[in-house]
Amino acid sequence: MDVYLVPVAPERYQLYCESAVEGVPEMPAEGSGLWKRLSARFTTMLAAIEREHERIERSRAAARLRRRKGWPARLRMRAVRWLAEKVADQRLLWHLRTEREVCAFYPAGLPDGRAMRVIRDSLSREFGRHRWWLAANTLAGIASLALMPLPGPNVIGFYFAFRIVGHFLSVRGARQGLDAITWRLRESALLAELGASLGLSAGERQRVVGEVSRQLGLRRLPKFFERMTRNGA
């Protein structure tokens with residue numbers, strides 16, 4: 001598995017992996033009937049989010065559709081995009097759970113010791129963040145059980161089931177990265193070019209990012225880079 005330490009701001013980096021962009025993560029086999037039900041809901045909702053997000057992104061008439069259908073359509077599209085971004089943010093951690101050795105590419109000029117510290121610091125932050133959200137969503141999910149007697153699907157329950165499983169997998173992945181994975185570091189001049197592009201104009205930066213993406217064979221990198229730099233990582 002290859003992971004890239006992408007510079008998204010001066011002295012700030014984000015882990016990225018294209019092999020973890022698509023597909024449903026392998027679910028742990030252990031657990032009770034409750035875990036199996038949560039996993040099934042997670043898989044169903046993840047597939048639905050990805051289908052809907054792909055449909056929206058593929059539609060050339062998305063802007064016209066928003067104007068024609070008014071605020072309900074706009075709200076739905078924003079919700080789907082928000083959920084899709086949350087999925088994208090966690091996929092790398094989900095896939096780290098099953099890895100034993102990872103090759104991490106980092107920008108040329110960055111000392112390898114510093115690169116390893118950045119990786120470990122990132123995983124430590126993600127471990128703490130997802131552990132907190134796992135606890136919060138578990139409590140909220142338990143509270144949502146009160147809605148089960150109501151007619152119709154328990155949409156809120158499905159949402160919290162999705163969040164609970166997602167954060168659980170992220171916690172497992174971050175812990176695997178910290179404790180069990182062997183990290184092989186490799187310097188990359190192309191990632192250094194990506195970092196240098198942060199000081200360029202928007203048009204020139206877009207050109208550099210596109211070229212780096214092409215040479216690395218990471219077709220989704222431009223969208224990831226734009227989102228991370230826009231949000232300040």
# chains A, B, ... in the order shown; residues from 1 in each chain; ligands from 1
$ residues_around --residues "range 187-203 of chain A" --least-positions-apart "5" --cutoff "7 Å" --atoms "only C-alpha atoms" --output "ChimeraX atom specification"
/A:6-7,9,105-108,208-209,212
$ closest_residue --among "A:Arg120, A:Gln90, A:Arg230, A:Phe168" --to "Ala135 in chain A" --atoms "only C-alpha atoms"
A:Phe168
$ atom_distance --atom1 "CA of Arg172 in chain A" --atom2 "CA of His95 in chain A"
9.7 Å
$ residues_around --residues "Gln14 in chain A" --least-positions-apart "6" --cutoff "10 Å" --atoms "only C-alpha atoms" --output "PyMOL selection string"
chain A and resi 4-8+118-119+122+224-225+228-229+233
$ write_last_selection --atoms "N, CA, C and O atoms" --output "PDB file, in the first residue's frame"
ATOM      1  N   TYR A   4       0.837   8.938   0.523  1.00  0.00           N
ATOM      2  CA  TYR A   4       1.546  10.151   0.136  1.00  0.00           C
ATOM      3  C   TYR A   4       1.339  11.229   1.201  1.00  0.00           C
ATOM      4  O   TYR A   4       0.210  11.489   1.617  1.00  0.00           O
ATOM      5  N   LEU A   5       2.447  11.833   1.621  1.00  0.00           N
ATOM      6  CA  LEU A   5       2.392  12.934   2.574  1.00  0.00           C
ATOM      7  C   LEU A   5       2.302  14.220   1.756  1.00  0.00           C
ATOM      8  O   LEU A   5       3.305  14.752   1.281  1.00  0.00           O
ATOM      9  N   VAL A   6       1.077  14.706   1.578  1.00  0.00           N
ATOM     10  CA  VAL A   6       0.812  15.817   0.666  1.00  0.00           C
ATOM     11  C   VAL A   6       0.901  17.144   1.407  1.00  0.00           C
ATOM     12  O   VAL A   6       0.204  17.344   2.407  1.00  0.00           O
ATOM     13  N   PRO A   7       1.757  18.071   0.935  1.00  0.00           N
ATOM     14  CA  PRO A   7       1.809  19.401   1.565  1.00  0.00           C
ATOM     15  C   PRO A   7       0.568  20.204   1.194  1.00  0.00           C
ATOM     16  O   PRO A   7       0.250  20.356   0.021  1.00  0.00           O
ATOM     17  N   VAL A   8      -0.147  20.709   2.187  1.00  0.00           N
ATOM     18  CA  VAL A   8      -1.385  21.453   1.940  1.00  0.00           C
ATOM     19  C   VAL A   8      -1.317  22.888   2.445  1.00  0.00           C
ATOM     20  O   VAL A   8      -2.231  23.681   2.198  1.00  0.00           O
ATOM     21  N   VAL A 118       5.701  13.575  11.410  1.00  0.00           N
ATOM     22  CA  VAL A 118       4.454  14.121  10.876  1.00  0.00           C
ATOM     23  C   VAL A 118       3.414  13.016  10.722  1.00  0.00           C
ATOM     24  O   VAL A 118       2.231  13.189  11.070  1.00  0.00           O
ATOM     25  N   ILE A 119       3.830  11.868  10.205  1.00  0.00           N
ATOM     26  CA  ILE A 119       2.910  10.736  10.024  1.00  0.00           C
ATOM     27  C   ILE A 119       2.358  10.284  11.367  1.00  0.00           C
ATOM     28  O   ILE A 119       1.148  10.103  11.540  1.00  0.00           O
ATOM     29  N   SER A 122       0.007  12.848  12.934  1.00  0.00           N
ATOM     30  CA  SER A 122      -1.280  12.839  12.242  1.00  0.00           C
ATOM     31  C   SER A 122      -2.129  11.662  12.713  1.00  0.00           C
ATOM     32  O   SER A 122      -3.330  11.826  13.006  1.00  0.00           O
ATOM     33  N   PHE A 224      -8.652  16.389  -4.225  1.00  0.00           N
ATOM     34  CA  PHE A 224      -8.246  16.285  -2.830  1.00  0.00           C
ATOM     35  C   PHE A 224      -7.411  17.494  -2.430  1.00  0.00           C
ATOM     36  O   PHE A 224      -7.640  18.100  -1.373  1.00  0.00           O
ATOM     37  N   PHE A 225      -6.443  17.859  -3.268  1.00  0.00           N
ATOM     38  CA  PHE A 225      -5.550  18.973  -2.968  1.00  0.00           C
ATOM     39  C   PHE A 225      -6.338  20.278  -2.866  1.00  0.00           C
ATOM     40  O   PHE A 225      -6.117  21.083  -1.953  1.00  0.00           O
ATOM     41  N   MET A 228      -8.360  20.228   0.454  1.00  0.00           N
ATOM     42  CA  MET A 228      -7.528  20.363   1.641  1.00  0.00           C
ATOM     43  C   MET A 228      -6.946  21.767   1.781  1.00  0.00           C
ATOM     44  O   MET A 228      -6.871  22.319   2.879  1.00  0.00           O
ATOM     45  N   THR A 229      -6.505  22.346   0.672  1.00  0.00           N
ATOM     46  CA  THR A 229      -5.943  23.693   0.748  1.00  0.00           C
ATOM     47  C   THR A 229      -7.047  24.721   0.995  1.00  0.00           C
ATOM     48  O   THR A 229      -6.825  25.734   1.658  1.00  0.00           O
ATOM     49  N   ALA A 233      -6.692  22.275   5.559  1.00  0.00           N
ATOM     50  CA  ALA A 233      -6.332  20.965   6.104  1.00  0.00           C
ATOM     51  C   ALA A 233      -6.852  20.803   7.535  1.00  0.00           C
ATOM     52  O   ALA A 233      -6.230  20.244   8.371  1.00  0.00           O
TER      53      ALA A 233
END
$ closest_residue --among "A:Ala174, A:Leu15, A:Leu96, A:Ile164" --to "Glu126 in chain A" --atoms "only C-alpha atoms"
A:Ala174
